[in-house]
Amino acid sequence: MSEALALVPKAEAKQSMKDFKSDQEVRWCPGCGDYAVLAAVQSFMPELELARENVVFVSGIGCSSRFPYYMNTYGMHSIHGRAPAIATGLAASRRDLSVWVVTGDGDALSIGGNHLIHALRRNVNLKILLFNNRIYGLTKGQYSPTSEVGKITKSTPMGSLDAPFNPVSLALGAEATFVARTIDSDRKHLQGVLRAAAAHPGTALVEIYQNCNIFNDGAFDALKERDTAQDALIHLEHGQPIRFGAPAPDGLGSKGVVRNAATGDLEVLDLAAEGADASRVLVHDAHAASPTTAFALSRLADADTLHRTPIGVLRDVIRPVYDTDMAEQLDQAVVQQGQGDLAKLLAGNDTWTVAG
Amino acid sequence: MTSQVSSPTTPEDPSSVAGVLGEQRKPAKETRRLDRVIIRFAGDSGDGMQLTGDRFTSETASFGNDLSTLPNFPAEIRAPAGTLPGVSSFQLHFADHDILTPGDAPNVLVAMNPAALKANLGDLPRGAEIIVNTDEFTKRAMQKVGYSANPLEDGSLEAYAVHPVPLTTLTLEALKDSGLARKDAERAKNMFALGLLSWMYHRPTDGTETFLRKKFAKKPEIAEANVAAYRAGWNFGETTEDFAVSYEVQPATSAFPAGTYRNISGNLALAYGLITAGQQTGLPLFLGSYPITPASDILHELSRHKNFGVRTFQAEDEIAAIGAALGAAFGGSLAVTTTSGPGVALKSETIGLAVSLELPLLVVDIQRGGPSTGLPTKTEQADLLQAMYGRNGEAPVPIVAPATPAECFTAALEAARIATVYRTPVFLLSDGYLANGSEPWRIPELDELPDLPVHFATVPNHTADDGSEAFWPYLRDPETLARPWAVPGTPGLEHRIGGIEKQDGTGNISYDPANHDFMVRTRQAKIDGIEVPDVVVDDPEGQARTLVLGWGSTYGPITAAVRRIRREGGHVAQAHLRHLNPFPKNLGEVLRGYDRVLVPEMNLGQLAHLLRAKYLVDARSYTQVTGLPFKAEQLAQAIVKESADV
Ligand code: SF4
């Protein structure tokens, strides 16, 4: 098992999905994408072989934030936007725990934006699952910080005015060491990303496109439907050329992502076009030290139609982990100053004695 | 009460004069004995007055006087030089007997420039001594603060004993061979002043010399220059004719119970109290904090003691600071967040969550002048109602409040006791005056410290009808009403908690009306039922009809005022609250035992408001919100006036 989970005790017996289901009735709307994510997580957890009591799910407020109630682990359903901060304190003080944060686009990017970016730059051992449905569900349908411009909702009858965040771009800009994107309906892909996130030492951000069938139904259909998906989705795999679209004769996609030599930016090359040079297509490097290319990849997507949306692990690099370093400082302090001696501390250096 | 009581004593043996390295130096001139002295050092924010005051305090503490200090500085790090708002001062009261306050009015003012003179003159009683740095009394500097004529020459200071000393020139002269640039040499003038005052009051000098060498260990030439300036100041006192007399203040041996003592400020005592609470509970200490005046020193101090297993986390904001602390509490740490009033406002929602989660959490509020940014470096006690009520819903939080700087130590232990026994967030309300002020503290023996054992839940606590075992996170201890604290990592006790209303016992989400009513009342009953010591009334003759009741840092001034009244034959009872929620059980009875209850507070009557609401007594307020502590004399007059018609 990776360094990320090295200190977390292992389960004594083999676990199944059932072990991770709590006795609470799941109360999302029928058809909500959250069900698929919950099932994917519950069936993935046994794979980690961790002692269940050492797994903690912490959430904020929003539909997805009910998630911890349904996991038969330790859990906290906290307050709006604050889960990354709360989880930071827990993870930093308990390195024997596997701590997961469940949050949504409003929770993580609006009211809790500050905590999210600081958790990412700090690189605490947290796995953040950001359920992005591009709408406020629990408060019944206002636009969110990831909604497309012009979104008609109850609070924006004439259309929303503000430009959305691209969570992956934001995370990369916030010095995140692990950034990935996946989709609620693709369990295999979702679990693959979870696997990579769990193995990552430090903070991992996983954006999960999640359908809210009540207030924003079909938001991700372009990425899900067979006829559009192959042109809309860019599957990223480390070490593989970045190709998508209808298959070319070599079996890979007929479009490739290449670097524009003049601007340095990325663009899509139609490999079927005459004279197109397939060798120009970039090979995805999730471990690249610089986040520049990952960022450029995240910008390929059209915010409105989601066409050319990269999914998979965009970035996965090693940087010192906050809680590891924090623990090391405590050890170092003992080496330098000796084990804390309370009597000595209280006495200090300047004392005087009054005789009885 | 500002006069110095003096009596001539035999001059010291002249052979023990200055200049001997590393020896206790004694002045050779005539000495007089005083029972107490109040000194105020005042200068520009850049003049090092706080350091000078701190050093004089350490010298005084190691000499064994009782003492009390009042630092007073601007919020700006370097306010414009030479201006009135830029004046920084440090007042120290020391005595051969037990004292309670930094003193109303200084006997001695050290004024490093015209601004310092002007800003502080109004506080001086007639006859006070003023030591001024004449070098700074240039036309421009005087004009800057509105002196049209030189106050040192126009007779306006006739009522005082003025000692004009060219401090800058003398310092430069003393350091002329040091090789330091003029600017660097000049900066040692505060040590010259300290040397002079140390001579005047027979302070031990070794400590300061050791301190300077350690402080400037990396720049030995600066260290030696400061030591040289310090000694030059001492020698100047000894040789110049302007200072004919020096003063002795005997150690306050009889004022103190036997023991080993040190000087301690409120924030330091609080930090030590937190570390001690960690040791006594056996829990790792976790501090989540965001820098804010006047609380940051606690963060700094705790950050230096990682060898006690203390984790300090400087968060991205106040909300994250308490959030991280609450997360650590869930994981089984003794969790603390430290802040001041504006930070409490930001933390309110998380405090509410902690109330709902019923997890132990210490919220330390070092109060400062408000509202909003208010007066960051000045003191006030106007966050009482915020601590009491400043949350949505019914969210009761216990409140403890130390009365003196040293008491911040025990207050931290008490807050930790309540938090861990009752599984609740607890407010600790200190203030800027306690935080930065200092006094002698009898260092406790380790076996005197309270045991604060904490027991985590380890086994299921509920058996279902079918015989299966379960863990119910909200099944309470029948006595304390506290819920079990089961930390992650404990097998079989996996559970989920949250801010949504919970079903009694199981902790499952519940929107049931009767259950909510029950839970709200139960959370309140838990806090109301917290065991706190009775309030003790000090009424030596038993004849008083007026009770003066205070809380927090007003203890010193109130006690000093009450003593004055009693010395003059008056009768007044005094009581001081260390627990503001819940109140001591005997408080109602105590209040009803007096014809008049007077409540002095550095706010507009917040405690009085609570007392009136809870006990239906006609508690009267006496309030001041100047950003400074009460003065004992003025308080004594107010108490006499208020009790005139009872
Ligand atoms: S409102 Fe939307 S996101 Fe919330 S539970 Fe219903 S479908 Fe899911």
# chains A, B, ... in the order shown; residues from 1 in each chain; ligands from 1
>>> select_by_dssp(residues="segment 79-304 of chain B", states="strand (DSSP E)", output="ChimeraX atom specification")
/B:87-95,108-111,129-133,161-165,245-249,259-265,285-289
>>> residues_around(residues="Ser68 of chain B", least_positions_apart="6", cutoff="9 Å", atoms="only C-alpha atoms", output="list of chain:residue names")
B:Thr57, B:Gln91, B:Leu92, B:His93, B:Phe94, B:Ile99, B:Leu100, B:Thr101, B:Pro102, B:Gly103, B:Gly437, B:Ser438, B:Glu439, B:Pro440
>>> write_last_selection(atoms="N, CA and C atoms", output="PDB file, in the first residue's frame")
ATOM      1  N   THR B  57      10.710  45.191  34.879  1.00  0.00           N
ATOM      2  CA  THR B  57       9.803  44.268  35.576  1.00  0.00           C
ATOM      3  C   THR B  57      10.546  43.015  36.017  1.00  0.00           C
ATOM      4  N   GLN B  91       3.729  50.922  32.202  1.00  0.00           N
ATOM      5  CA  GLN B  91       3.639  51.327  33.602  1.00  0.00           C
ATOM      6  C   GLN B  91       3.840  50.122  34.504  1.00  0.00           C
ATOM      7  N   LEU B  92       4.596  50.369  35.563  1.00  0.00           N
ATOM      8  CA  LEU B  92       4.915  49.293  36.500  1.00  0.00           C
ATOM      9  C   LEU B  92       4.720  49.808  37.910  1.00  0.00           C
ATOM     10  N   HIS B  93       3.994  49.056  38.672  1.00  0.00           N
ATOM     11  CA  HIS B  93       3.763  49.368  40.078  1.00  0.00           C
ATOM     12  C   HIS B  93       4.457  48.273  40.869  1.00  0.00           C
ATOM     13  N   PHE B  94       5.371  48.654  41.791  1.00  0.00           N
ATOM     14  CA  PHE B  94       5.993  47.616  42.620  1.00  0.00           C
ATOM     15  C   PHE B  94       6.034  48.073  44.059  1.00  0.00           C
ATOM     16  N   ILE B  99       0.074  44.203  46.269  1.00  0.00           N
ATOM     17  CA  ILE B  99      -0.649  45.219  45.495  1.00  0.00           C
ATOM     18  C   ILE B  99      -1.493  44.552  44.422  1.00  0.00           C
ATOM     19  N   LEU B 100      -2.416  45.306  43.860  1.00  0.00           N
ATOM     20  CA  LEU B 100      -3.431  44.695  43.005  1.00  0.00           C
ATOM     21  C   LEU B 100      -3.528  45.284  41.618  1.00  0.00           C
ATOM     22  N   THR B 101      -2.982  46.478  41.436  1.00  0.00           N
ATOM     23  CA  THR B 101      -3.163  47.146  40.152  1.00  0.00           C
ATOM     24  C   THR B 101      -1.845  47.762  39.710  1.00  0.00           C
ATOM     25  N   PRO B 102      -1.768  48.149  38.448  1.00  0.00           N
ATOM     26  CA  PRO B 102      -0.560  48.837  37.987  1.00  0.00           C
ATOM     27  C   PRO B 102      -0.487  50.266  38.524  1.00  0.00           C
ATOM     28  N   GLY B 103      -1.444  50.662  39.328  1.00  0.00           N
ATOM     29  CA  GLY B 103      -1.390  51.990  39.934  1.00  0.00           C
ATOM     30  C   GLY B 103      -2.145  53.011  39.113  1.00  0.00           C
ATOM     31  N   GLY B 437      -0.509  42.386  30.862  1.00  0.00           N
ATOM     32  CA  GLY B 437      -0.067  42.756  32.200  1.00  0.00           C
ATOM     33  C   GLY B 437       0.591  41.565  32.872  1.00  0.00           C
ATOM     34  N   SER B 438       1.385  41.829  33.896  1.00  0.00           N
ATOM     35  CA  SER B 438       2.051  40.714  34.563  1.00  0.00           C
ATOM     36  C   SER B 438       2.073  40.921  36.063  1.00  0.00           C
ATOM     37  N   GLU B 439       2.337  39.843  36.767  1.00  0.00           N
ATOM     38  CA  GLU B 439       2.398  39.884  38.230  1.00  0.00           C
ATOM     39  C   GLU B 439       3.178  38.661  38.703  1.00  0.00           C
ATOM     40  N   PRO B 440       3.604  38.657  39.962  1.00  0.00           N
ATOM     41  CA  PRO B 440       4.297  37.477  40.471  1.00  0.00           C
ATOM     42  C   PRO B 440       3.325  36.306  40.570  1.00  0.00           C
TER      43      PRO B 440
END
>>> residues_near_ligand(ligand="ligand 1", cutoff="7 Å", atoms="only C-alpha atoms and all ligand atoms", output="compact mmCIF listing (two decimals) with all heavy atoms, in the first residue's frame")
# COMPACT_ATOMS: atom_id res chain seq x y z
N TRP A 28 -31.74 10.74 -0.83
CA TRP A 28 -31.65 11.61 -1.99
C TRP A 28 -32.86 11.39 -2.90
O TRP A 28 -33.54 10.36 -2.81
CB TRP A 28 -30.36 11.32 -2.78
CG TRP A 28 -29.11 11.77 -2.07
CD1 TRP A 28 -28.85 13.00 -1.57
CD2 TRP A 28 -27.94 10.98 -1.81
NE1 TRP A 28 -27.59 13.04 -1.01
CE2 TRP A 28 -27.01 11.81 -1.14
CE3 TRP A 28 -27.58 9.65 -2.07
CZ2 TRP A 28 -25.74 11.37 -0.74
CZ3 TRP A 28 -26.32 9.22 -1.68
CH2 TRP A 28 -25.41 10.07 -1.01
N CYS A 29 -33.11 12.33 -3.80
CA CYS A 29 -34.23 12.16 -4.72
C CYS A 29 -33.98 10.91 -5.57
O CYS A 29 -32.84 10.64 -5.95
CB CYS A 29 -34.34 13.34 -5.69
SG CYS A 29 -34.39 14.94 -4.88
N GLY A 31 -33.23 8.76 -8.51
CA GLY A 31 -32.59 9.11 -9.78
C GLY A 31 -31.40 10.05 -9.63
O GLY A 31 -30.71 10.34 -10.60
N CYS A 32 -31.14 10.53 -8.44
CA CYS A 32 -30.02 11.46 -8.22
C CYS A 32 -28.70 10.74 -8.48
O CYS A 32 -28.52 9.58 -8.11
CB CYS A 32 -30.07 11.96 -6.79
SG CYS A 32 -28.63 12.96 -6.35
N GLY A 33 -27.78 11.46 -9.06
CA GLY A 33 -26.45 10.90 -9.35
C GLY A 33 -25.69 10.51 -8.09
O GLY A 33 -24.75 9.71 -8.14
N ASP A 34 -26.08 11.07 -6.95
CA ASP A 34 -25.38 10.75 -5.69
C ASP A 34 -25.44 9.25 -5.36
O ASP A 34 -24.51 8.71 -4.77
CB ASP A 34 -26.00 11.55 -4.52
CG ASP A 34 -25.68 13.03 -4.61
OD1 ASP A 34 -24.87 13.42 -5.47
OD2 ASP A 34 -26.26 13.81 -3.83
N CYS A 63 -26.78 18.64 -0.73
CA CYS A 63 -27.30 17.28 -0.92
C CYS A 63 -26.21 16.25 -0.71
O CYS A 63 -26.35 15.30 0.06
CB CYS A 63 -27.88 17.13 -2.32
SG CYS A 63 -29.37 18.11 -2.55
N SER A 64 -25.08 16.43 -1.39
CA SER A 64 -24.03 15.41 -1.32
C SER A 64 -23.47 15.27 0.08
O SER A 64 -22.94 14.21 0.44
CB SER A 64 -22.91 15.75 -2.30
OG SER A 64 -22.37 17.01 -2.00
N ASN A 133 -22.67 19.37 -9.49
CA ASN A 133 -23.89 19.24 -10.31
C ASN A 133 -24.29 20.56 -10.94
O ASN A 133 -25.35 20.70 -11.52
CB ASN A 133 -25.05 18.63 -9.49
CG ASN A 133 -25.32 19.41 -8.22
OD1 ASN A 133 -24.89 20.56 -8.10
ND2 ASN A 133 -26.04 18.81 -7.29
N GLY A 137 -28.85 22.26 -5.12
CA GLY A 137 -29.96 21.33 -5.02
C GLY A 137 -30.75 21.51 -3.74
O GLY A 137 -31.96 21.74 -3.77
N LEU A 138 -30.05 21.47 -2.62
CA LEU A 138 -30.72 21.44 -1.32
C LEU A 138 -31.57 22.68 -1.08
O LEU A 138 -32.60 22.64 -0.42
CB LEU A 138 -29.68 21.29 -0.21
CG LEU A 138 -30.21 20.92 1.17
CD1 LEU A 138 -30.83 19.54 1.17
CD2 LEU A 138 -29.08 20.95 2.20
N LYS A 140 -33.00 24.24 -3.41
CA LYS A 140 -34.02 24.15 -4.46
C LYS A 140 -33.76 25.00 -5.69
O LYS A 140 -34.64 25.74 -6.13
CB LYS A 140 -35.41 24.44 -3.88
CG LYS A 140 -35.75 23.48 -2.76
CD LYS A 140 -37.20 23.53 -2.39
CE LYS A 140 -37.47 22.47 -1.33
NZ LYS A 140 -38.75 22.61 -0.70
N ASN A 211 -25.15 14.24 -11.74
CA ASN A 211 -26.42 14.75 -12.26
C ASN A 211 -27.43 15.00 -11.15
O ASN A 211 -27.68 14.15 -10.31
CB ASN A 211 -27.01 13.73 -13.25
CG ASN A 211 -28.18 14.32 -14.02
OD1 ASN A 211 -28.11 15.49 -14.42
ND2 ASN A 211 -29.23 13.56 -14.20
N CYS A 212 -27.97 16.23 -11.14
CA CYS A 212 -29.10 16.54 -10.26
C CYS A 212 -30.33 16.49 -11.15
O CYS A 212 -30.59 17.42 -11.91
CB CYS A 212 -28.94 17.94 -9.66
SG CYS A 212 -30.44 18.52 -8.85
N ASN A 213 -31.02 15.36 -11.06
CA ASN A 213 -32.14 15.18 -12.01
C ASN A 213 -33.33 16.04 -11.69
O ASN A 213 -34.26 16.14 -12.47
CB ASN A 213 -32.52 13.70 -12.09
CG ASN A 213 -32.89 13.14 -10.73
OD1 ASN A 213 -32.15 13.33 -9.78
ND2 ASN A 213 -34.04 12.49 -10.65
N ILE A 214 -33.32 16.69 -10.54
CA ILE A 214 -34.45 17.55 -10.19
C ILE A 214 -34.25 18.99 -10.69
O ILE A 214 -35.12 19.57 -11.30
CB ILE A 214 -34.67 17.56 -8.66
CG1 ILE A 214 -34.91 16.14 -8.14
CG2 ILE A 214 -35.82 18.50 -8.27
CD1 ILE A 214 -36.19 15.49 -8.63
N PHE A 215 -33.08 19.54 -10.45
CA PHE A 215 -32.91 20.96 -10.77
C PHE A 215 -31.98 21.26 -11.94
O PHE A 215 -31.88 22.40 -12.38
CB PHE A 215 -32.40 21.72 -9.53
CG PHE A 215 -33.39 21.71 -8.41
CD1 PHE A 215 -33.16 20.96 -7.26
CD2 PHE A 215 -34.58 22.43 -8.52
CE1 PHE A 215 -34.09 20.95 -6.23
CE2 PHE A 215 -35.51 22.41 -7.49
CZ PHE A 215 -35.28 21.67 -6.34
>>> closest_atom_pairs(of="chain B", to="chain A", cutoff="7 Å", atoms="only C-alpha atoms", output="CSV")
residue,atom,partner,partner_atom,distance
B:Ser62,CA,A:Trp352,CA,5.8
B:Gly64,CA,A:Trp352,CA,6.6
B:Thr253,CA,A:Val354,CA,6.1
B:Phe256,CA,A:Val354,CA,7.0
B:Pro257,CA,A:Gly356,CA,6.7
B:Ala258,CA,A:Gly356,CA,4.4
B:Gly259,CA,A:Val354,CA,5.3
B:Thr260,CA,A:Thr353,CA,4.3
B:Tyr261,CA,A:Trp352,CA,5.2
B:Arg262,CA,A:Thr351,CA,4.6
B:Tyr272,CA,A:Leu346,CA,6.9
B:Lys306,CA,A:Leu330,CA,5.1
B:Asn307,CA,A:Val334,CA,4.6
B:Phe308,CA,A:Gly340,CA,4.5
B:Gly309,CA,A:Leu330,CA,6.0
B:Glu316,CA,A:His118,CA,6.7
B:Ala320,CA,A:Ala85,CA,5.0
B:Gly323,CA,A:Ile86,CA,4.5
B:Ala324,CA,A:Gly89,CA,3.7
B:Ala325,CA,A:Gly89,CA,5.8
B:Leu326,CA,A:Ile86,CA,6.2
B:Gly327,CA,A:Ile86,CA,4.4
B:Ala328,CA,A:Leu90,CA,4.4
B:Gly331,CA,A:Leu90,CA,5.7
B:Ile443,CA,A:Ala347,CA,6.3
B:Leu446,CA,A:Ala343,CA,6.6
B:Pro488,CA,A:Asn54,CA,5.8
B:Gly489,CA,A:Asn54,CA,4.5
B:Thr490,CA,A:Glu53,CA,5.9
B:Pro491,CA,A:Glu53,CA,5.2
B:Glu494,CA,A:Tyr74,CA,4.8
B:His495,CA,A:Tyr74,CA,5.0
B:Arg496,CA,A:Gly75,CA,4.4
B:Ile497,CA,A:Met76,CA,5.0
B:Gly498,CA,A:His77,CA,4.3
B:Gly499,CA,A:Ser78,CA,5.9
>>> write_last_selection(atoms="C-alpha atoms", output="short mmCIF file (atom, residue, chain, number, x, y, z; two decimals), in the first residue's frame")
data_model
loop_
_atom_site.label_atom_id
_atom_site.label_comp_id
_atom_site.auth_asym_id
_atom_site.auth_seq_id
_atom_site.Cartn_x
_atom_site.Cartn_y
_atom_site.Cartn_z
CA SER B 62 13.73 38.81 40.77
CA GLY B 64 11.03 39.96 45.20
CA THR B 253 8.16 38.79 51.53
CA PHE B 256 3.45 36.16 49.67
CA PRO B 257 2.85 32.66 50.92
CA ALA B 258 5.99 30.55 50.95
CA GLY B 259 7.00 29.16 47.61
CA THR B 260 8.95 29.74 44.45
CA TYR B 261 7.80 32.67 42.37
CA ARG B 262 8.23 34.08 38.93
CA TYR B 272 1.18 27.32 30.21
CA LYS B 306 6.16 21.08 20.35
CA ASN B 307 8.26 18.83 22.58
CA PHE B 308 5.12 18.51 24.73
CA GLY B 309 3.35 17.03 21.72
CA GLU B 316 -6.20 30.51 6.70
CA ALA B 320 -10.73 27.39 9.68
CA GLY B 323 -12.85 24.20 12.37
CA ALA B 324 -9.48 22.47 12.54
CA ALA B 325 -9.66 22.53 16.33
CA LEU B 326 -13.09 20.93 16.24
CA GLY B 327 -11.82 18.28 13.82
CA ALA B 328 -8.97 17.55 16.22
CA GLY B 331 -10.14 12.83 16.87
CA ILE B 443 4.78 28.30 40.63
CA LEU B 446 3.10 19.31 39.94
CA PRO B 488 -12.21 7.30 15.33
CA GLY B 489 -10.05 4.24 15.48
CA THR B 490 -12.25 2.61 18.11
CA PRO B 491 -13.64 -0.58 16.55
CA GLU B 494 -18.39 3.81 14.21
CA HIS B 495 -20.96 6.59 14.25
CA ARG B 496 -21.95 9.74 12.43
CA ILE B 497 -22.62 13.08 14.07
CA GLY B 498 -23.65 16.38 12.61
CA GLY B 499 -25.24 19.75 13.06
#
>>> residues_around(residues="Leu190 of chain A", least_positions_apart="5", cutoff="8 Å", atoms="only C-alpha atoms", output="CSV table (one decimal) with all heavy atoms, in the first residue's frame")
chain,number,residue,atom,x,y,z
A,40,ALA,N,-20.5,3.4,-5.7
A,40,ALA,CA,-19.2,3.3,-6.2
A,40,ALA,C,-18.2,3.3,-5.1
A,40,ALA,O,-17.2,2.5,-5.0
A,40,ALA,CB,-18.8,4.3,-7.3
A,182,THR,N,-14.0,12.9,-12.8
A,182,THR,CA,-14.7,11.7,-13.2
A,182,THR,C,-16.2,12.0,-13.3
A,182,THR,O,-16.6,13.1,-13.1
A,182,THR,CB,-14.3,10.5,-12.3
A,182,THR,OG1,-14.9,9.3,-12.8
A,182,THR,CG2,-14.8,10.8,-10.9
A,183,ILE,N,-16.9,11.0,-13.6
A,183,ILE,CA,-18.4,11.1,-13.9
A,183,ILE,C,-19.1,10.1,-13.1
A,183,ILE,O,-18.7,8.9,-13.0
A,183,ILE,CB,-18.7,11.0,-15.4
A,183,ILE,CG1,-17.8,12.0,-16.2
A,183,ILE,CG2,-20.1,11.2,-15.7
A,183,ILE,CD1,-18.0,11.9,-17.7
A,184,ASP,N,-20.3,10.5,-12.5
A,184,ASP,CA,-21.0,9.7,-11.6
A,184,ASP,C,-21.4,8.4,-12.2
A,184,ASP,O,-21.4,7.3,-11.6
A,184,ASP,CB,-22.3,10.4,-11.1
A,184,ASP,CG,-23.2,11.0,-12.1
A,184,ASP,OD1,-22.9,10.8,-13.3
A,184,ASP,OD2,-24.2,11.6,-11.8
A,208,ILE,N,-16.3,15.2,-9.3
A,208,ILE,CA,-17.2,14.2,-9.8
A,208,ILE,C,-18.4,14.9,-10.5
A,208,ILE,O,-19.2,15.6,-9.7
A,208,ILE,CB,-17.7,13.2,-8.7
A,208,ILE,CG1,-16.5,12.6,-8.0
A,208,ILE,CG2,-18.6,12.2,-9.3
A,208,ILE,CD1,-16.9,11.8,-6.8
>>> residues_around(residues="Phe427 of chain B", least_positions_apart="5", cutoff="10 Å", atoms="only C-alpha atoms", output="PyMOL selection string")
chain B and resi 337+344+351+361-365+384+387-388+397-401+412+415+419+580-581
>>> residues_around(residues="Ser198 of chain B", least_positions_apart="6", cutoff="8 Å", atoms="only C-alpha atoms", output="list in words")
Phe56, Pro204, Thr205 and Trp234 of chain B
>>> write_last_selection(atoms="all heavy atoms", output="mmCIF file, in the first residue's frame")
data_model
loop_
_atom_site.group_PDB
_atom_site.id
_atom_site.type_symbol
_atom_site.label_atom_id
_atom_site.label_comp_id
_atom_site.auth_asym_id
_atom_site.auth_seq_id
_atom_site.Cartn_x
_atom_site.Cartn_y
_atom_site.Cartn_z
ATOM 1 N N PHE B 56 12.746 46.105 33.343
ATOM 2 C CA PHE B 56 12.633 46.646 34.696
ATOM 3 C C PHE B 56 11.738 45.731 35.541
ATOM 4 O O PHE B 56 11.985 45.485 36.716
ATOM 5 C CB PHE B 56 12.070 48.076 34.661
ATOM 6 C CG PHE B 56 12.305 48.840 35.937
ATOM 7 C CD1 PHE B 56 13.424 49.641 36.107
ATOM 8 C CD2 PHE B 56 11.410 48.722 36.999
ATOM 9 C CE1 PHE B 56 13.644 50.316 37.302
ATOM 10 C CE2 PHE B 56 11.622 49.394 38.203
ATOM 11 C CZ PHE B 56 12.746 50.197 38.353
ATOM 12 N N PRO B 204 18.473 44.846 40.787
ATOM 13 C CA PRO B 204 19.612 43.992 40.433
ATOM 14 C C PRO B 204 19.902 44.122 38.936
ATOM 15 O O PRO B 204 18.963 44.217 38.135
ATOM 16 C CB PRO B 204 19.111 42.575 40.752
ATOM 17 C CG PRO B 204 17.724 42.702 41.251
ATOM 18 C CD PRO B 204 17.286 44.105 41.209
ATOM 19 N N THR B 205 21.171 44.131 38.574
ATOM 20 C CA THR B 205 21.539 44.431 37.184
ATOM 21 C C THR B 205 21.989 43.210 36.386
ATOM 22 O O THR B 205 21.992 43.242 35.167
ATOM 23 C CB THR B 205 22.681 45.456 37.161
ATOM 24 O OG1 THR B 205 23.758 44.942 37.966
ATOM 25 C CG2 THR B 205 22.234 46.785 37.722
ATOM 26 N N TRP B 234 23.437 53.750 34.685
ATOM 27 C CA TRP B 234 23.572 53.480 36.126
ATOM 28 C C TRP B 234 24.621 54.426 36.742
ATOM 29 O O TRP B 234 24.376 55.117 37.730
ATOM 30 C CB TRP B 234 24.005 52.015 36.310
ATOM 31 C CG TRP B 234 23.739 51.457 37.681
ATOM 32 C CD1 TRP B 234 22.677 50.700 38.048
ATOM 33 C CD2 TRP B 234 24.552 51.597 38.856
ATOM 34 N NE1 TRP B 234 22.756 50.359 39.381
ATOM 35 C CE2 TRP B 234 23.902 50.900 39.897
ATOM 36 C CE3 TRP B 234 25.743 52.252 39.119
ATOM 37 C CZ2 TRP B 234 24.423 50.842 41.193
ATOM 38 C CZ3 TRP B 234 26.274 52.194 40.416
ATOM 39 C CH2 TRP B 234 25.606 51.479 41.437
#
>>> select_by_dssp(residues="segment 360-591 of chain B", states="helix (DSSP H, G or I)", output="JSON, numbers by chain")
{"B": [384, 385, 386, 387, 388, 389, 407, 408, 409, 410, 411, 412, 413, 414, 415, 416, 417, 418, 419, 420, 421, 422, 432, 433, 434, 435, 436, 446, 447, 448, 513, 514, 515, 516, 517, 518, 519, 520, 521, 522, 523, 524, 525, 526, 527, 528, 552, 553, 554, 555, 556, 557, 558, 559, 560, 561, 562, 563, 564, 565, 566, 567, 587, 588, 589, 590, 591]}
>>> residues_around(residues="Thr522 of chain B", least_positions_apart="4", cutoff="10 Å", atoms="only C-alpha atoms", output="number ranges by chain")
B: 476, 481-482, 504, 516-518, 526-528
>>> atom_distance(atom1="atom CA of Lys139 of chain B", atom2="atom CA of Thr240 of chain B")
26.6 Å
